[in-house]
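Note: the block below is query_19.json and it holds JSON, C-alpha atoms and all ligand atoms.
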[["chain", "number", "residue", "atom", "x", "y", "z"],
["Z", 1, "MET", "CA", 115.11, 131.76, 121.52],
["Z", 2, "SER", "CA", 115.00, 128.18, 122.79],
["Z", 3, "THR", "CA", 113.50, 125.38, 120.70],
["Z", 4, "THR", "CA", 110.11, 124.09, 121.83],
["Z", 5, "ILE", "CA", 108.61, 121.48, 119.57],
["Z", 6, "LEU", "CA", 105.11, 120.28, 118.79],
["Z", 7, "ILE", "CA", 104.76, 117.00, 116.89],
["Z", 8, "ILE", "CA", 101.31, 116.53, 115.36],
["Z", 9, "GLY", "CA", 100.65, 112.87, 114.56],
["Z", 10, "ALA", "CA", 103.25, 111.68, 117.09],
["Z", 11, "CYS", "CA", 101.82, 108.16, 117.45],
["Z", 12, "GLY", "CA", 102.44, 107.15, 113.82],
["Z", 13, "GLN", "CA", 105.35, 105.23, 112.33],
["Z", 14, "ILE", "CA", 107.61, 108.28, 111.92],
["Z", 15, "GLY", "CA", 106.16, 110.34, 114.79],
["Z", 16, "THR", "CA", 106.98, 107.78, 117.48],
["Z", 17, "GLU", "CA", 110.68, 107.63, 116.64],
["Z", 18, "LEU", "CA", 110.94, 111.33, 115.86],
["Z", 19, "THR", "CA", 109.49, 112.16, 119.29],
["Z", 20, "GLN", "CA", 112.07, 109.96, 120.98],
["Z", 21, "GLN", "CA", 115.04, 111.37, 119.03],
["Z", 22, "LEU", "CA", 113.95, 114.99, 119.42],
["Z", 23, "ARG", "CA", 113.50, 114.45, 123.17],
["Z", 24, "GLU", "CA", 117.01, 113.05, 123.41],
["Z", 25, "LYS", "CA", 118.34, 116.16, 121.70],
["Z", 26, "TYR", "CA", 116.15, 118.96, 123.11],
["Z", 27, "GLY", "CA", 115.02, 117.47, 126.45],
["Z", 28, "LYS", "CA", 111.76, 115.68, 127.12],
["Z", 29, "ASP", "CA", 109.81, 118.71, 128.33],
["Z", 30, "SER", "CA", 110.68, 120.73, 125.22],
["Z", 31, "VAL", "CA", 109.03, 118.21, 122.88],
["Z", 32, "ILE", "CA", 105.23, 118.01, 123.04],
["Z", 33, "ALA", "CA", 103.81, 114.88, 121.41],
["Z", 34, "SER", "CA", 100.26, 115.07, 120.11],
["Z", 35, "ASP", "CA", 97.87, 112.87, 118.19],
["Z", 36, "VAL", "CA", 94.15, 112.63, 117.53],
["Z", 37, "ARG", "CA", 93.98, 109.81, 120.10],
["Z", 38, "LYS", "CA", 95.89, 109.19, 123.30],
["Z", 39, "GLY", "CA", 98.97, 107.04, 122.61],
["Z", 40, "SER", "CA", 100.01, 103.92, 124.55],
["Z", 41, "ALA", "CA", 100.48, 104.32, 128.31],
["Z", 42, "GLU", "CA", 104.23, 103.97, 127.83],
["Z", 43, "PHE", "CA", 104.35, 106.67, 125.14],
["Z", 44, "VAL", "CA", 102.16, 109.09, 127.13],
["Z", 45, "ALA", "CA", 104.35, 108.55, 130.21],
["Z", 46, "SER", "CA", 107.52, 109.31, 128.23],
["Z", 47, "GLY", "CA", 106.90, 113.09, 128.13],
["Z", 48, "PRO", "CA", 104.27, 115.78, 127.56],
["Z", 49, "PHE", "CA", 101.35, 114.54, 125.46],
["Z", 50, "GLU", "CA", 98.24, 116.37, 124.20],
["Z", 51, "VAL", "CA", 95.25, 115.14, 122.23],
["Z", 52, "VAL", "CA", 95.15, 117.34, 119.11],
["Z", 53, "ASN", "CA", 93.03, 116.94, 115.99],
["Z", 54, "ALA", "CA", 95.17, 118.13, 113.07],
["Z", 55, "LEU", "CA", 92.00, 119.47, 111.43],
["Z", 56, "ASP", "CA", 91.14, 121.73, 114.37],
["Z", 57, "PHE", "CA", 92.87, 125.10, 113.89],
["Z", 58, "ASN", "CA", 91.87, 126.40, 117.35],
["Z", 59, "GLN", "CA", 93.13, 123.31, 119.12],
["Z", 60, "ILE", "CA", 96.52, 123.56, 117.40],
["Z", 61, "GLN", "CA", 96.73, 127.28, 118.17],
["Z", 62, "LEU", "CA", 95.86, 126.72, 121.82],
["Z", 63, "ILE", "CA", 98.62, 124.13, 122.29],
["Z", 64, "ILE", "CA", 101.14, 126.34, 120.47],
["Z", 65, "GLU", "CA", 100.33, 129.20, 122.84],
["Z", 66, "LYS", "CA", 100.21, 127.00, 125.94],
["Z", 67, "TYR", "CA", 103.74, 125.65, 125.40],
["Z", 68, "ASN", "CA", 105.22, 128.63, 123.53],
["Z", 69, "ILE", "CA", 106.03, 126.35, 120.58],
["Z", 70, "SER", "CA", 108.76, 127.41, 118.14],
["Z", 71, "ASP", "CA", 108.87, 124.42, 115.74],
["Z", 72, "VAL", "CA", 106.02, 122.25, 114.45],
["Z", 73, "TYR", "CA", 106.47, 118.82, 112.82],
["Z", 74, "LEU", "CA", 103.22, 117.97, 111.06],
["Z", 75, "MET", "CA", 103.27, 114.18, 110.65],
["Z", 76, "ALA", "CA", 99.51, 113.50, 110.56],
["Z", 77, "ALA", "CA", 98.40, 112.16, 107.15],
["Z", 78, "LEU", "CA", 96.52, 109.44, 105.35],
["Z", 79, "LEU", "CA", 98.98, 107.32, 103.31],
["Z", 80, "SER", "CA", 98.66, 106.11, 99.73],
["Z", 81, "ALA", "CA", 96.60, 102.91, 100.03],
["Z", 82, "THR", "CA", 94.17, 104.27, 102.64],
["Z", 83, "ALA", "CA", 93.79, 107.52, 100.70],
["Z", 84, "GLU", "CA", 92.59, 105.62, 97.60],
["Z", 85, "LYS", "CA", 89.80, 104.17, 99.74],
["Z", 86, "ASN", "CA", 88.77, 107.52, 101.21],
["Z", 87, "PRO", "CA", 89.78, 110.30, 98.80],
["Z", 88, "ALA", "CA", 87.67, 113.10, 100.31],
["Z", 89, "PHE", "CA", 88.94, 112.57, 103.85],
["Z", 90, "ALA", "CA", 92.53, 112.12, 102.64],
["Z", 91, "TRP", "CA", 92.38, 115.44, 100.80],
["Z", 92, "ASP", "CA", 90.78, 117.15, 103.79],
["Z", 93, "LEU", "CA", 93.29, 115.84, 106.33],
["Z", 94, "ASN", "CA", 96.44, 116.09, 104.21],
["Z", 95, "MET", "CA", 95.70, 119.61, 102.93],
["Z", 96, "ASN", "CA", 93.85, 121.41, 105.71],
["Z", 97, "SER", "CA", 96.20, 120.33, 108.49],
["Z", 98, "LEU", "CA", 99.00, 121.84, 106.38],
["Z", 99, "PHE", "CA", 97.09, 125.09, 105.85],
["Z", 100, "HIS", "CA", 96.45, 125.38, 109.60],
["Z", 101, "VAL", "CA", 100.13, 125.07, 110.43],
["Z", 102, "LEU", "CA", 101.33, 127.28, 107.53],
["Z", 103, "ASN", "CA", 98.81, 129.97, 108.53],
["Z", 104, "LEU", "CA", 99.98, 129.90, 112.16],
["Z", 105, "ALA", "CA", 103.56, 130.28, 110.90],
["Z", 106, "LYS", "CA", 102.48, 133.13, 108.61],
["Z", 107, "GLU", "CA", 101.03, 134.90, 111.66],
["Z", 108, "GLY", "CA", 104.40, 134.52, 113.39],
["Z", 109, "LYS", "CA", 103.07, 132.09, 116.03],
["Z", 110, "VAL", "CA", 105.54, 129.39, 114.91],
["Z", 111, "LYS", "CA", 109.11, 129.93, 113.71],
["Z", 112, "LYS", "CA", 109.81, 126.74, 111.77],
["Z", 113, "VAL", "CA", 107.68, 124.03, 110.16],
["Z", 114, "PHE", "CA", 108.54, 120.51, 109.02],
["Z", 115, "TRP", "CA", 106.09, 118.84, 106.66],
["Z", 116, "PRO", "CA", 106.75, 115.47, 105.04],
["Z", 117, "SER", "CA", 106.37, 114.99, 101.31],
["Z", 118, "SER", "CA", 106.82, 111.68, 99.49],
["Z", 119, "ILE", "CA", 108.04, 109.89, 96.38],
["Z", 120, "ALA", "CA", 104.29, 109.76, 95.62],
["Z", 121, "VAL", "CA", 104.54, 113.31, 94.17],
["Z", 122, "PHE", "CA", 105.89, 111.60, 91.04],
["Z", 123, "GLY", "CA", 103.69, 109.78, 88.55],
["Z", 124, "PRO", "CA", 103.68, 107.39, 85.60],
["Z", 125, "THR", "CA", 105.13, 110.03, 83.22],
["Z", 126, "THR", "CA", 108.12, 110.73, 85.48],
["Z", 127, "PRO", "CA", 111.49, 109.17, 84.54],
["Z", 128, "LYS", "CA", 111.60, 106.02, 86.66],
["Z", 129, "GLU", "CA", 115.31, 105.56, 87.36],
["Z", 130, "HIS", "CA", 117.37, 108.16, 89.27],
["Z", 131, "THR", "CA", 114.35, 110.43, 89.25],
["Z", 132, "PRO", "CA", 115.70, 114.00, 89.30],
["Z", 133, "GLN", "CA", 114.61, 116.76, 91.69],
["Z", 134, "TYR", "CA", 113.12, 118.75, 88.84],
["Z", 135, "THR", "CA", 111.16, 116.64, 86.37],
["Z", 136, "VAL", "CA", 107.68, 115.81, 85.11],
["Z", 137, "MET", "CA", 105.33, 115.46, 88.07],
["Z", 138, "GLU", "CA", 101.88, 114.10, 87.31],
["Z", 139, "PRO", "CA", 100.90, 112.08, 90.39],
["Z", 140, "SER", "CA", 98.02, 109.67, 89.78],
["Z", 141, "THR", "CA", 97.11, 108.82, 93.39],
["Z", 142, "VAL", "CA", 95.02, 110.85, 95.85],
["Z", 143, "TYR", "CA", 97.94, 110.80, 98.27],
["Z", 144, "GLY", "CA", 100.38, 111.94, 95.57],
["Z", 145, "ILE", "CA", 98.09, 114.74, 94.44],
["Z", 146, "SER", "CA", 97.81, 115.97, 98.04],
["Z", 147, "LYS", "CA", 101.59, 115.84, 98.56],
["Z", 148, "GLN", "CA", 102.30, 117.59, 95.25],
["Z", 149, "SER", "CA", 99.78, 120.34, 96.09],
["Z", 150, "GLY", "CA", 101.23, 120.60, 99.60],
["Z", 151, "GLU", "CA", 104.70, 121.13, 98.15],
["Z", 152, "ARG", "CA", 103.44, 123.97, 95.98],
["Z", 153, "TRP", "CA", 101.78, 125.62, 99.00],
["Z", 154, "CYS", "CA", 104.94, 125.25, 101.12],
["Z", 155, "GLU", "CA", 106.99, 126.99, 98.46],
["Z", 156, "TYR", "CA", 104.29, 129.66, 98.07],
["Z", 157, "TYR", "CA", 104.13, 130.41, 101.82],
["Z", 158, "HIS", "CA", 107.92, 130.61, 101.92],
["Z", 159, "THR", "CA", 108.24, 132.92, 98.90],
["Z", 160, "ILE", "CA", 105.25, 135.18, 99.55],
["Z", 161, "TYR", "CA", 105.02, 135.22, 103.37],
["Z", 162, "GLY", "CA", 108.57, 134.23, 104.39],
["Z", 163, "VAL", "CA", 107.43, 131.09, 106.24],
["Z", 164, "ASP", "CA", 110.40, 128.89, 107.20],
["Z", 165, "VAL", "CA", 109.01, 125.55, 106.04],
["Z", 166, "ARG", "CA", 111.23, 122.57, 105.23],
["Z", 167, "SER", "CA", 110.34, 119.29, 103.59],
["Z", 168, "ILE", "CA", 111.67, 115.95, 102.36],
["Z", 169, "ARG", "CA", 110.22, 113.51, 99.83],
["Z", 170, "TYR", "CA", 110.45, 110.38, 101.99],
["Z", 171, "PRO", "CA", 110.90, 107.04, 100.26],
["Z", 172, "GLY", "CA", 109.26, 103.94, 101.81],
["Z", 173, "LEU", "CA", 110.32, 103.88, 105.47],
["Z", 174, "ILE", "CA", 111.26, 100.72, 107.32],
["Z", 175, "SER", "CA", 111.33, 100.43, 111.10],
["Z", 176, "TRP", "CA", 110.86, 97.79, 113.78],
["Z", 177, "SER", "CA", 109.44, 99.73, 116.73],
["Z", 178, "THR", "CA", 106.14, 100.96, 115.22],
["Z", 179, "LEU", "CA", 104.12, 99.53, 112.35],
["Z", 180, "PRO", "CA", 103.31, 101.69, 109.34],
["Z", 181, "GLY", "CA", 99.69, 102.13, 108.39],
["Z", 182, "GLY", "CA", 98.03, 102.24, 105.00],
["Z", 183, "GLY", "CA", 101.02, 102.70, 102.70],
["Z", 184, "THR", "CA", 102.12, 100.91, 99.53],
["Z", 185, "THR", "CA", 105.65, 100.40, 100.82],
["Z", 186, "ASP", "CA", 104.41, 98.77, 104.05],
["Z", 187, "TYR", "CA", 105.17, 95.30, 102.67],
["Z", 188, "ALA", "CA", 108.86, 95.96, 103.34],
["Z", 189, "VAL", "CA", 108.12, 96.14, 107.08],
["Z", 190, "ASP", "CA", 105.56, 93.35, 107.20],
["Z", 191, "ILE", "CA", 107.90, 90.95, 105.42],
["Z", 192, "TYR", "CA", 110.36, 91.00, 108.35],
["Z", 193, "HIS", "CA", 107.61, 90.29, 110.89],
["Z", 194, "LYS", "CA", 106.29, 87.36, 108.82],
["Z", 195, "ALA", "CA", 109.78, 86.03, 108.09],
["Z", 196, "LEU", "CA", 110.28, 85.58, 111.82],
["Z", 197, "SER", "CA", 106.80, 84.35, 112.74],
["Z", 198, "ASP", "CA", 105.79, 82.23, 109.68],
["Z", 199, "LYS", "CA", 109.00, 81.79, 107.62],
["Z", 200, "LYS", "CA", 106.93, 82.81, 104.62],
["Z", 201, "TYR", "CA", 105.32, 85.94, 103.21],
["Z", 202, "GLU", "CA", 102.73, 86.66, 100.53],
["Z", 203, "CYS", "CA", 103.63, 89.99, 98.94],
["Z", 204, "PHE", "CA", 100.96, 92.35, 97.55],
["Z", 205, "LEU", "CA", 103.47, 93.64, 94.95],
["Z", 206, "SER", "CA", 105.05, 91.64, 92.13],
["Z", 207, "GLU", "CA", 108.62, 90.34, 92.46],
["Z", 208, "ALA", "CA", 110.27, 92.93, 90.20],
["Z", 209, "THR", "CA", 108.64, 96.06, 91.63],
["Z", 210, "GLY", "CA", 111.57, 98.30, 92.52],
["Z", 211, "LEU", "CA", 110.89, 101.15, 94.95],
["Z", 212, "PRO", "CA", 113.06, 103.67, 96.81],
["Z", 213, "MET", "CA", 113.32, 102.77, 100.50],
["Z", 214, "MET", "CA", 115.09, 103.94, 103.66],
["Z", 215, "TYR", "CA", 115.77, 102.65, 107.17],
["Z", 216, "MET", "CA", 114.00, 104.79, 109.77],
["Z", 217, "ASP", "CA", 117.19, 105.93, 111.55],
["Z", 218, "ASP", "CA", 118.36, 107.54, 108.31],
["Z", 219, "ALA", "CA", 114.95, 109.18, 107.81],
["Z", 220, "ILE", "CA", 114.88, 110.63, 111.34],
["Z", 221, "ARG", "CA", 118.45, 111.91, 110.98],
["Z", 222, "ALA", "CA", 117.57, 113.54, 107.64],
["Z", 223, "THR", "CA", 114.54, 115.18, 109.24],
["Z", 224, "MET", "CA", 116.56, 116.57, 112.13],
["Z", 225, "GLU", "CA", 119.41, 117.65, 109.83],
["Z", 226, "ILE", "CA", 117.21, 119.63, 107.45],
["Z", 227, "MET", "CA", 115.52, 121.31, 110.42],
["Z", 228, "GLU", "CA", 118.89, 122.20, 111.99],
["Z", 229, "ALA", "CA", 120.42, 123.42, 108.71],
["Z", 230, "ASP", "CA", 121.08, 127.12, 108.27],
["Z", 231, "SER", "CA", 118.02, 128.67, 106.62],
["Z", 232, "LYS", "CA", 120.10, 129.95, 103.70],
["Z", 233, "ASP", "CA", 121.27, 126.39, 102.92],
["Z", 234, "VAL", "CA", 117.71, 125.10, 102.57],
["Z", 235, "LYS", "CA", 117.38, 126.41, 99.04],
["Z", 236, "ILE", "CA", 114.47, 124.21, 97.98],
["Z", 237, "ARG", "CA", 111.25, 125.08, 99.79],
["Z", 238, "SER", "CA", 108.93, 122.64, 98.05],
["Z", 239, "ALA", "CA", 110.59, 119.35, 99.15],
["Z", 240, "TYR", "CA", 113.96, 117.64, 98.68],
["Z", 241, "ASN", "CA", 114.45, 114.30, 96.93],
["Z", 242, "LEU", "CA", 116.00, 111.91, 99.46],
["Z", 243, "SER", "CA", 117.49, 108.52, 98.79],
["Z", 244, "ALA", "CA", 119.22, 105.63, 100.57],
["Z", 245, "MET", "CA", 118.49, 102.34, 98.77],
["Z", 246, "SER", "CA", 116.17, 100.79, 96.21],
["Z", 247, "PHE", "CA", 115.04, 97.18, 96.07],
["Z", 248, "THR", "CA", 112.38, 94.81, 94.76],
["Z", 249, "PRO", "CA", 110.38, 92.30, 96.84],
["Z", 250, "LYS", "CA", 112.62, 89.59, 95.37],
["Z", 251, "GLU", "CA", 115.76, 91.40, 96.54],
["Z", 252, "ILE", "CA", 114.54, 92.00, 100.10],
["Z", 253, "ALA", "CA", 113.51, 88.32, 100.28],
["Z", 254, "ALA", "CA", 117.04, 87.31, 99.20],
["Z", 255, "SER", "CA", 118.50, 89.56, 101.90],
["Z", 256, "ILE", "CA", 116.26, 87.89, 104.53],
["Z", 257, "LYS", "CA", 117.22, 84.41, 103.26],
["Z", 258, "LYS", "CA", 120.84, 85.11, 104.23],
["Z", 259, "HIS", "CA", 119.64, 84.94, 107.86],
["Z", 260, "ILE", "CA", 116.58, 82.64, 107.51],
["Z", 261, "PRO", "CA", 117.44, 80.22, 104.66],
["Z", 262, "GLU", "CA", 114.02, 78.51, 104.76],
["Z", 263, "PHE", "CA", 112.16, 81.80, 104.19],
["Z", 264, "GLU", "CA", 109.84, 81.74, 101.15],
["Z", 265, "ILE", "CA", 108.09, 84.61, 99.38],
["Z", 266, "THR", "CA", 105.03, 84.35, 97.09],
["Z", 267, "TYR", "CA", 103.36, 87.11, 95.11],
["Z", 268, "ALA", "CA", 99.69, 88.14, 94.89],
["Z", 269, "PRO", "CA", 99.60, 91.71, 93.58],
["Z", 270, "ASP", "CA", 96.51, 93.73, 94.53],
["Z", 271, "PHE", "CA", 95.37, 97.35, 93.92],
["Z", 272, "ARG", "CA", 98.61, 98.63, 95.44],
["Z", 273, "GLN", "CA", 100.58, 97.29, 92.45],
["Z", 274, "LYS", "CA", 99.20, 100.11, 90.31],
["Z", 275, "ILE", "CA", 100.22, 102.69, 92.91],
["Z", 276, "ALA", "CA", 103.76, 101.25, 93.09],
["Z", 277, "ASP", "CA", 104.01, 101.12, 89.29],
["Z", 278, "SER", "CA", 103.31, 104.85, 89.11],
["Z", 279, "TRP", "CA", 106.23, 105.71, 91.44],
["Z", 280, "PRO", "CA", 109.99, 105.97, 90.77],
["Z", 281, "ALA", "CA", 112.24, 102.95, 91.25],
["Z", 282, "SER", "CA", 115.21, 105.06, 92.37],
["Z", 283, "ILE", "CA", 115.83, 108.68, 93.30],
["Z", 284, "ASP", "CA", 118.58, 111.21, 92.58],
["Z", 285, "ASP", "CA", 119.06, 113.20, 95.80],
["Z", 286, "ASN", "CA", 122.00, 115.31, 94.73],
["Z", 287, "TYR", "CA", 120.45, 118.60, 95.93],
["Z", 288, "ALA", "CA", 119.99, 117.32, 99.50],
["Z", 289, "ARG", "CA", 123.60, 116.07, 99.48],
["Z", 290, "THR", "CA", 124.92, 119.40, 98.22],
["Z", 291, "ASP", "CA", 122.68, 121.87, 100.10],
["Z", 292, "TRP", "CA", 122.66, 120.36, 103.61],
["Z", 293, "ASN", "CA", 125.19, 117.51, 103.37],
["Z", 294, "TRP", "CA", 122.75, 114.58, 103.37],
["Z", 295, "LYS", "CA", 124.34, 111.13, 103.35],
["Z", 296, "PRO", "CA", 122.54, 107.83, 104.07],
["Z", 297, "GLU", "CA", 124.14, 105.20, 106.32],
["Z", 298, "PHE", "CA", 122.06, 102.05, 105.88],
["Z", 299, "ASP", "CA", 121.87, 99.74, 102.85],
["Z", 300, "LEU", "CA", 119.56, 96.73, 102.42],
["Z", 301, "ASP", "CA", 121.72, 94.10, 104.14],
["Z", 302, "ALA", "CA", 122.64, 96.37, 107.07],
["Z", 303, "MET", "CA", 118.94, 97.12, 107.54],
["Z", 304, "THR", "CA", 117.89, 93.46, 107.31],
["Z", 305, "LYS", "CA", 120.34, 92.54, 110.05],
["Z", 306, "ILE", "CA", 119.06, 95.24, 112.42],
["Z", 307, "MET", "CA", 115.39, 94.58, 111.63],
["Z", 308, "LEU", "CA", 115.65, 90.84, 112.30],
["Z", 309, "GLU", "CA", 117.74, 91.33, 115.45],
["Z", 310, "ASN", "CA", 115.37, 93.85, 116.98],
["Z", 311, "LEU", "CA", 112.15, 92.12, 115.97],
["Z", 312, "SER", "CA", 113.39, 88.78, 117.41],
["Z", 313, "LYS", "CA", 114.15, 90.53, 120.72],
["Z", 314, "GLN", "CA", 110.72, 92.16, 120.66],
["Z", 315, "LYS", "CA", 108.97, 88.83, 120.07],
["Z", 401, "LIG", "N1", 105.33, 105.08, 102.28],
["Z", 401, "LIG", "C1", 104.31, 105.87, 101.66],
["Z", 401, "LIG", "C2", 103.21, 105.04, 101.12],
["Z", 401, "LIG", "O1", 103.47, 103.92, 100.74],
["Z", 401, "LIG", "C3", 104.91, 106.66, 100.54],
["Z", 401, "LIG", "O2", 105.18, 107.94, 100.99],
["Z", 401, "LIG", "O3", 102.11, 105.50, 101.04]]

Could you write out this structure as structure tokens?
Ligand code: SER
Amino acid sequence: MSTTILIIGACGQIGTELTQQLREKYGKDSVIASDVRKGSAEFVASGPFEVVNALDFNQIQLIIEKYNISDVYLMAALLSATAEKNPAFAWDLNMNSLFHVLNLAKEGKVKKVFWPSSIAVFGPTTPKEHTPQYTVMEPSTVYGISKQSGERWCEYYHTIYGVDVRSIRYPGLISWSTLPGGGTTDYAVDIYHKALSDKKYECFLSEATGLPMMYMDDAIRATMEIMEADSKDVKIRSAYNLSAMSFTPKEIAASIKKHIPEFEITYAPDFRQKIADSWPASIDDNYARTDWNWKPEFDLDAMTKIMLENLSKQK
């Protein structure tokens, strides 16, 4: 059977780049982008696009039938900072969209599901350095609670109903083409924009807050690799730890200074500091490396170079 893909939440930070990469691999007409609102004219013109509300089961089902979809990538979600401001909606969106897609897969209407989890599944009682795959998990954020619950349901649907669902615990993701929205790790994108435009940046996290991070190209490749892996090799059906680099605001600022020596960073921690403090500083992703051969390519300095180059061109 040929692969026909539906991406729900295609206009977001990950969705935009995932759509492009999947279209390069599977052909533009085999990858249906969808989001709750119409994307930019350029994005809509780049291939099939449908307006789909991730909370509307019938709408999702209709599109799956219309295009004979085999694989769904469910990227719609409220991220950590926004979720703290709107807990009820975050829970509704993050959980019920997942149930809709898992239930369609259970009914055999979809063959394979990708659903993103996050480092937010961990909490303040989790070991902070080289956080293992299996460890204490007591998330203290609305977003983390929804991702942890989602992981349990993914594993349940796989074990009980045989649903082929695959997931990764993304670290903070950094990209130049689309802005992130509402996350705690967003500073690591914003800082590059402000370094170029203002030569200074006020960070909402303190200088020594270490967090696991990843350049978007690595994240997209990991997503496509876990989806292409042989089903028997995807042994973990909750979500895999995934790691590339870890840095503090001070360290990313130092990396930027190598290109823009006059760049200055100041610190004014806000409510997001508490969220960041509850998350791991670094991740052990040994299972992903062993089970489906995961290997990151970008470190901090390589990423800084690409980010600054591409953002300068864009400006
Ligand atoms: N980048 C996300 C956030 O900060 C974590 O998954 O919310």

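With distances restricted to all atoms listed in the file, Z:Ala239 is the closest residue to Z:Gly150 from Z:Ala239, Z:Leu173, Z:Ile60, Z:Ala105.
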
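Closest approach to Z:Tyr215 from the set Z:Ala83, Z:Val36, Z:Leu22, Z:Ile14 is made by Z:Ile14, with distances taken over all atoms listed in the file.
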
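For the pair atom CA of Z:Tyr67 and atom CA of Z:Ser30, the interatomic distance is 8.5 Å.
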
Enclosing box along x, y and z for every listed atom of ligand LIG 401 (chain Z), padded 6 Å each side, centre and size in Å, one decimal, as lines of an AutoDock Vina configuration file:
center_x = 103.7
center_y = 105.9
center_z = 101.4
size_x = 15.2
size_y = 16.0
size_z = 13.7

*Can you list, as an MDAnalysis selection string, every protein, DNA or RNA residue that comes within 8 Å of Z:Lys111 when you count all atoms listed in the file, leaving out same-chain residues fewer than 5 positions away?*
chainID Z and resid 70:71 105 163:164

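All residues of protein, DNA or RNA that reach within 7 Å of Z:Pro171, judged by all atoms listed in the file and not counting those fewer than 5 positions away in the chain, are Ser118, Ile119, Pro212, Met213, Met214 and Ser243 of chain Z.
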
*Show which residues sit within 6 Å of stretch 74-76 of chain Z, as JSON, numbers by chain. Count only C-alpha atoms, and ignore same-chain residues fewer than 6 positions away.*
{"Z": [8, 9, 115]}

_Can you work out which residues are within 6 Å of ligand LIG 401 (chain Z), considering only C-alpha atoms and all ligand atoms, and then hand them over as a ChimeraX atom specification?_
/Z:79-80,118-120,170-172,183-185

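Take the candidates Z:Val142, Z:Thr178, Z:Val110, Z:Tyr73 and check each one against Z:Ala88 using only C-alpha atoms; the shortest distance goes to Z:Val142.
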